>>> print(open('final.pdb').read())   # PDB, C-alpha atoms and all ligand atoms
ATOM      1  CA  MET A   1      90.653 119.510  55.680
ATOM      2  CA  HIS A   2      90.778 115.779  56.268
ATOM      3  CA  PRO A   3      90.515 114.319  59.756
ATOM      4  CA  ALA A   4      92.888 111.616  60.972
ATOM      5  CA  LEU A   5      89.965 109.187  61.150
ATOM      6  CA  PRO A   6      87.630 109.922  58.230
ATOM      7  CA  LEU A   7      84.164 108.436  58.708
ATOM      8  CA  GLY A   8      82.554 109.279  55.376
ATOM      9  CA  VAL A   9      79.989 111.704  56.783
ATOM     10  CA  PRO A  10      81.045 115.150  55.503
ATOM     11  CA  GLU A  11      79.606 117.112  58.438
ATOM     12  CA  MET A  12      81.327 114.881  60.994
ATOM     13  CA  ASP A  13      84.615 114.760  59.099
ATOM     14  CA  ALA A  14      84.757 118.562  58.721
ATOM     15  CA  ASP A  15      84.051 119.099  62.408
ATOM     16  CA  HIS A  16      86.598 116.487  63.458
ATOM     17  CA  ALA A  17      89.271 118.014  61.226
ATOM     18  CA  ALA A  18      88.592 121.451  62.700
ATOM     19  CA  LEU A  19      88.841 120.076  66.224
ATOM     20  CA  GLU A  20      92.069 118.263  65.430
ATOM     21  CA  ALA A  21      93.520 121.496  64.018
ATOM     22  CA  MET A  22      92.698 123.260  67.284
ATOM     23  CA  LEU A  23      94.334 120.488  69.330
ATOM     24  CA  ASP A  24      97.370 120.594  67.034
ATOM     25  CA  ARG A  25      97.903 124.219  68.100
ATOM     26  CA  VAL A  26      98.668 123.220  71.708
ATOM     27  CA  PRO A  27     102.436 122.633  71.255
ATOM     28  CA  HIS A  28     102.781 125.992  69.495
ATOM     29  CA  THR A  29     100.731 127.958  72.020
ATOM     30  CA  ARG A  30     102.420 130.052  74.697
ATOM     31  CA  ASP A  31     101.750 129.015  78.294
ATOM     32  CA  GLU A  32      99.734 132.154  79.038
ATOM     33  CA  ASP A  33      97.466 131.503  76.047
ATOM     34  CA  LEU A  34      96.658 127.884  76.920
ATOM     35  CA  PRO A  35      93.570 128.635  79.062
ATOM     36  CA  ALA A  36      91.981 130.590  76.201
ATOM     37  CA  LEU A  37      92.703 127.725  73.819
ATOM     38  CA  TYR A  38      91.116 125.319  76.307
ATOM     39  CA  ALA A  39      87.987 127.481  76.419
ATOM     40  CA  ALA A  40      87.882 127.665  72.619
ATOM     41  CA  ILE A  41      88.213 123.891  72.297
ATOM     42  CA  GLU A  42      85.521 123.298  74.931
ATOM     43  CA  ALA A  43      83.185 125.621  73.020
ATOM     44  CA  GLU A  44      83.977 123.876  69.734
ATOM     45  CA  VAL A  45      83.389 120.396  71.197
ATOM     46  CA  THR A  46      80.086 121.592  72.676
ATOM     47  CA  SER A  47      78.813 122.998  69.385
ATOM     48  CA  HIS A  48      80.137 120.006  67.444
ATOM     49  CA  PHE A  49      78.270 117.584  69.696
ATOM     50  CA  ALA A  50      75.095 119.630  69.250
ATOM     51  CA  ARG A  51      75.478 119.435  65.444
ATOM     52  CA  GLU A  52      76.100 115.709  65.666
ATOM     53  CA  ASP A  53      72.992 115.267  67.824
ATOM     54  CA  VAL A  54      70.902 117.027  65.143
ATOM     55  CA  LEU A  55      72.281 114.695  62.454
ATOM     56  CA  MET A  56      71.510 111.632  64.568
ATOM     57  CA  GLU A  57      67.991 112.821  65.391
ATOM     58  CA  ALA A  58      67.215 113.558  61.741
ATOM     59  CA  ALA A  59      68.370 110.095  60.684
ATOM     60  CA  ARG A  60      66.763 108.408  63.712
ATOM     61  CA  VAL A  61      70.016 106.706  64.513
ATOM     62  CA  PRO A  62      69.207 103.817  66.881
ATOM     63  CA  VAL A  63      72.296 104.451  69.041
ATOM     64  CA  LEU A  64      71.244 108.064  69.650
ATOM     65  CA  ASP A  65      70.623 107.752  73.393
ATOM     66  CA  CYS A  66      73.890 105.923  74.029
ATOM     67  CA  HIS A  67      75.795 108.437  71.912
ATOM     68  CA  ARG A  68      74.207 111.368  73.738
ATOM     69  CA  ILE A  69      75.317 109.903  77.064
ATOM     70  CA  ARG A  70      78.879 109.637  75.757
ATOM     71  CA  HIS A  71      78.717 113.280  74.672
ATOM     72  CA  ARG A  72      77.488 114.331  78.109
ATOM     73  CA  GLU A  73      80.250 112.351  79.824
ATOM     74  CA  LEU A  74      82.941 113.892  77.647
ATOM     75  CA  LEU A  75      81.597 117.421  78.122
ATOM     76  CA  ASP A  76      81.456 116.855  81.892
ATOM     77  CA  ALA A  77      85.051 115.622  81.880
ATOM     78  CA  ILE A  78      86.190 118.665  79.897
ATOM     79  CA  ALA A  79      84.340 121.006  82.259
ATOM     80  CA  ALA A  80      85.801 119.265  85.320
ATOM     81  CA  ARG A  81      89.338 119.825  83.996
ATOM     82  CA  ARG A  82      88.945 123.507  83.140
ATOM     83  CA  PRO A  83      92.124 125.297  84.148
ATOM     84  CA  THR A  84      92.144 127.624  87.117
ATOM     85  CA  GLU A  85      94.746 130.221  88.094
ATOM     86  CA  ARG A  86      96.451 127.447  90.070
ATOM     87  CA  THR A  87      96.765 125.083  87.082
ATOM     88  CA  SER A  88     100.358 124.840  85.886
ATOM     89  CA  PRO A  89     101.079 124.994  82.154
ATOM     90  CA  ASP A  90     102.605 121.505  82.309
ATOM     91  CA  ALA A  91      99.484 120.103  83.957
ATOM     92  CA  LEU A  92      97.303 121.832  81.396
ATOM     93  CA  ARG A  93      99.371 120.430  78.535
ATOM     94  CA  ARG A  94      98.852 116.948  79.991
ATOM     95  CA  THR A  95      95.122 117.644  80.148
ATOM     96  CA  PHE A  96      95.156 118.637  76.483
ATOM     97  CA  ALA A  97      96.885 115.349  75.652
ATOM     98  CA  GLU A  98      94.241 113.415  77.598
ATOM     99  CA  LEU A  99      91.517 115.397  75.854
ATOM    100  CA  ALA A 100      92.983 114.597  72.438
ATOM    101  CA  GLU A 101      93.064 110.903  73.352
ATOM    102  CA  ALA A 102      89.466 110.990  74.581
ATOM    103  CA  VAL A 103      88.280 112.733  71.416
ATOM    104  CA  THR A 104      90.129 110.228  69.225
ATOM    105  CA  ALA A 105      88.621 107.317  71.167
ATOM    106  CA  HIS A 106      85.164 108.849  70.813
ATOM    107  CA  VAL A 107      85.548 109.302  67.056
ATOM    108  CA  ASP A 108      86.911 105.785  66.636
ATOM    109  CA  THR A 109      84.093 104.121  68.588
ATOM    110  CA  VAL A 110      80.666 105.737  68.940
ATOM    111  CA  ASP A 111      81.165 108.160  66.049
ATOM    112  CA  ARG A 112      82.323 105.317  63.812
ATOM    113  CA  VAL A 113      79.216 103.258  64.639
ATOM    114  CA  THR A 114      76.948 106.274  64.192
ATOM    115  CA  SER A 115      78.519 107.129  60.850
ATOM    116  CA  ARG A 116      77.458 103.743  59.466
ATOM    117  CA  PHE A 117      73.837 104.477  60.382
ATOM    118  CA  LEU A 118      74.051 108.008  58.937
ATOM    119  CA  ILE A 119      75.517 106.726  55.674
ATOM    120  CA  ALA A 120      72.872 103.999  55.453
ATOM    121  CA  ALA A 121      70.118 106.560  56.117
ATOM    122  CA  THR A 122      71.217 108.698  53.171
ATOM    123  CA  ALA A 123      71.739 105.769  50.784
ATOM    124  CA  ALA A 124      69.092 104.799  48.268
ATOM    125  CA  PRO A 125      66.437 102.625  49.856
ATOM    126  CA  LEU A 126      66.484  98.948  49.038
ATOM    127  CA  GLU A 127      64.257  97.903  46.199
ATOM    128  CA  PRO A 128      61.152  96.119  47.417
ATOM    129  CA  ALA A 129      61.226  92.404  46.770
ATOM    130  CA  GLN A 130      59.918  91.454  43.344
ATOM    131  CA  ALA A 131      56.607  89.649  43.422
ATOM    132  CA  VAL A 132      57.016  86.026  42.481
ATOM    133  CA  GLY A 133      54.551  84.180  40.333
TER
HETATM  134 FE    FE A 201      80.016 111.917  68.818
END
>>> encode(input="final.pdb", output="structure tokens", more="lines below")
Ligand SMILES: [Fe+2]
Amino acid sequence: MHPALPLGVPEMDADHAALEAMLDRVPHTRDEDLPALYAAIEAEVTSHFAREDVLMEAARVPVLDCHRIRHRELLDAIAARRPTERTSPDALRRTFAELAEAVTAHVDTVDRVTSRFLIAATAAPLEPAQAVG
């Protein structure tokens, strides 16, 4: 699977594609099944962010703390919008649309920056400067 915004880090791209596939199911999901899909997506985002945190820690990505804060903010926003028995299907569908936008913005900003550090960390180290003289 290829995500809409490939970043060149296989683990991130696979997770993002899986998340996009889940969000793509929203229009085809019956109203009564939307809350379960919301819970599944929240669980997937949570585990994806945890995997991304491990990658960043291993590579000592310098934007780790900032990126973690963005993860926390997004998880808090998802939790705050969890549907209740009073949430209408139309309102929940709008929440899914907002969630998809927030995920896309996250991938296109902090994930994009982080991917450059992850790619650089796995690239061959620079050759030490040749001694002159
Ligand atoms: Fe991220």
>>> residues_near_ligand(input="final.pdb", ligand="ligand FE 201 (chain A)", cutoff="7 Å", atoms="only C-alpha atoms and all ligand atoms", output="list in words")
Phe49, Glu52, His67, His71, His106, Val107, Val110 and Asp111 of chain A
>>> resolve_selection(input="final.pdb", expression="the PyMOL selection byres (((chain A and resi 4) around 9) and not hetatm)", output="list in words")
His2, Pro3, Leu5, Pro6, His16, Ala17, Glu20 and Thr104 of chain A
>>> atom_distance(input="final.pdb", atom1="atom CA of Ala100 of chain A", atom2="atom CA of Met1 of chain A")
17.6 Å
>>> resolve_selection(input="final.pdb", expression="the PyMOL selection byres (((chain A and resi 51) around 12) and not hetatm)", output="PDB file with C-alpha atoms, keeping the file's coordinate frame")
ATOM      1  CA  GLU A  11      79.606 117.112  58.438  1.00  0.00           C
ATOM      2  CA  MET A  12      81.327 114.881  60.994  1.00  0.00           C
ATOM      3  CA  ALA A  14      84.757 118.562  58.721  1.00  0.00           C
ATOM      4  CA  ASP A  15      84.051 119.099  62.408  1.00  0.00           C
ATOM      5  CA  HIS A  16      86.598 116.487  63.458  1.00  0.00           C
ATOM      6  CA  GLU A  44      83.977 123.876  69.734  1.00  0.00           C
ATOM      7  CA  VAL A  45      83.389 120.396  71.197  1.00  0.00           C
ATOM      8  CA  THR A  46      80.086 121.592  72.676  1.00  0.00           C
ATOM      9  CA  SER A  47      78.813 122.998  69.385  1.00  0.00           C
ATOM     10  CA  HIS A  48      80.137 120.006  67.444  1.00  0.00           C
ATOM     11  CA  PHE A  49      78.270 117.584  69.696  1.00  0.00           C
ATOM     12  CA  ALA A  50      75.095 119.630  69.250  1.00  0.00           C
ATOM     13  CA  GLU A  52      76.100 115.709  65.666  1.00  0.00           C
ATOM     14  CA  ASP A  53      72.992 115.267  67.824  1.00  0.00           C
ATOM     15  CA  VAL A  54      70.902 117.027  65.143  1.00  0.00           C
ATOM     16  CA  LEU A  55      72.281 114.695  62.454  1.00  0.00           C
ATOM     17  CA  MET A  56      71.510 111.632  64.568  1.00  0.00           C
ATOM     18  CA  GLU A  57      67.991 112.821  65.391  1.00  0.00           C
ATOM     19  CA  ALA A  58      67.215 113.558  61.741  1.00  0.00           C
ATOM     20  CA  ARG A  68      74.207 111.368  73.738  1.00  0.00           C
ATOM     21  CA  HIS A  71      78.717 113.280  74.672  1.00  0.00           C
TER      22      HIS A  71
END
>>> residues_around(input="final.pdb", residues="Ala97 of chain A", least_positions_apart="3", cutoff="12 Å", atoms="all atoms listed in the file", output="list of chain:residue names")
A:Glu20, A:Leu23, A:Asp24, A:Arg25, A:Val26, A:Pro27, A:Tyr38, A:Ile78, A:Asp90, A:Ala91, A:Leu92, A:Arg93, A:Arg94, A:Ala100, A:Glu101, A:Ala102, A:Val103, A:Thr104
>>> resolve_selection(input="final.pdb", expression="the PyMOL selection byres (((chain A and resi 117) around 9) and not hetatm)", output="PyMOL selection string")
chain A and resi 56+59-63+113-116+118-122
>>> residues_around(input="final.pdb", residues="Ala43 of chain A", least_positions_apart="6", cutoff="12 Å", atoms="only C-alpha atoms", output="ChimeraX atom specification")
/A:19,22,36-37,49-50,75,78-79,82
>>> decode(input="final.pdb", residues="segment 33-73 of chain A", atoms="C-alpha atoms", output="PDB file, in the first residue's frame")
ATOM      1  CA  ASP A  33     -21.023   1.040  12.730  1.00  0.00           C
ATOM      2  CA  LEU A  34     -19.342   4.458  12.782  1.00  0.00           C
ATOM      3  CA  PRO A  35     -18.569   4.504  16.536  1.00  0.00           C
ATOM      4  CA  ALA A  36     -16.727   1.176  16.262  1.00  0.00           C
ATOM      5  CA  LEU A  37     -14.741   2.498  13.311  1.00  0.00           C
ATOM      6  CA  TYR A  38     -13.881   5.603  15.342  1.00  0.00           C
ATOM      7  CA  ALA A  39     -12.602   3.409  18.175  1.00  0.00           C
ATOM      8  CA  ALA A  40     -10.572   1.307  15.737  1.00  0.00           C
ATOM      9  CA  ILE A  41      -9.011   4.399  14.168  1.00  0.00           C
ATOM     10  CA  GLU A  42      -8.210   5.890  17.585  1.00  0.00           C
ATOM     11  CA  ALA A  43      -6.493   2.634  18.566  1.00  0.00           C
ATOM     12  CA  GLU A  44      -4.557   2.553  15.293  1.00  0.00           C
ATOM     13  CA  VAL A  45      -3.411   6.181  15.636  1.00  0.00           C
ATOM     14  CA  THR A  46      -2.319   5.482  19.221  1.00  0.00           C
ATOM     15  CA  SER A  47      -0.241   2.445  18.280  1.00  0.00           C
ATOM     16  CA  HIS A  48       1.127   4.179  15.182  1.00  0.00           C
ATOM     17  CA  PHE A  49       2.323   7.140  17.237  1.00  0.00           C
ATOM     18  CA  ALA A  50       3.985   4.755  19.691  1.00  0.00           C
ATOM     19  CA  ARG A  51       5.828   3.037  16.806  1.00  0.00           C
ATOM     20  CA  GLU A  52       6.865   6.403  15.422  1.00  0.00           C
ATOM     21  CA  ASP A  53       8.158   7.468  18.844  1.00  0.00           C
ATOM     22  CA  VAL A  54      10.351   4.333  18.971  1.00  0.00           C
ATOM     23  CA  LEU A  55      11.795   5.131  15.529  1.00  0.00           C
ATOM     24  CA  MET A  56      12.546   8.712  16.560  1.00  0.00           C
ATOM     25  CA  GLU A  57      14.147   7.657  19.845  1.00  0.00           C
ATOM     26  CA  ALA A  58      16.346   5.072  18.127  1.00  0.00           C
ATOM     27  CA  ALA A  59      17.568   7.633  15.599  1.00  0.00           C
ATOM     28  CA  ARG A  60      17.842  10.398  18.222  1.00  0.00           C
ATOM     29  CA  VAL A  61      15.786  12.680  16.059  1.00  0.00           C
ATOM     30  CA  PRO A  62      16.352  16.237  17.338  1.00  0.00           C
ATOM     31  CA  VAL A  63      12.680  17.201  16.900  1.00  0.00           C
ATOM     32  CA  LEU A  64      11.559  14.297  19.102  1.00  0.00           C
ATOM     33  CA  ASP A  65      10.141  16.384  21.952  1.00  0.00           C
ATOM     34  CA  CYS A  66       8.218  18.692  19.630  1.00  0.00           C
ATOM     35  CA  HIS A  67       6.882  15.727  17.668  1.00  0.00           C
ATOM     36  CA  ARG A  68       5.794  13.952  20.848  1.00  0.00           C
ATOM     37  CA  ILE A  69       3.841  17.036  21.905  1.00  0.00           C
ATOM     38  CA  ARG A  70       2.067  17.064  18.540  1.00  0.00           C
ATOM     39  CA  HIS A  71       1.193  13.391  19.007  1.00  0.00           C
ATOM     40  CA  ARG A  72      -0.207  14.083  22.469  1.00  0.00           C
ATOM     41  CA  GLU A  73      -2.275  17.003  21.170  1.00  0.00           C
TER      42      GLU A  73
END
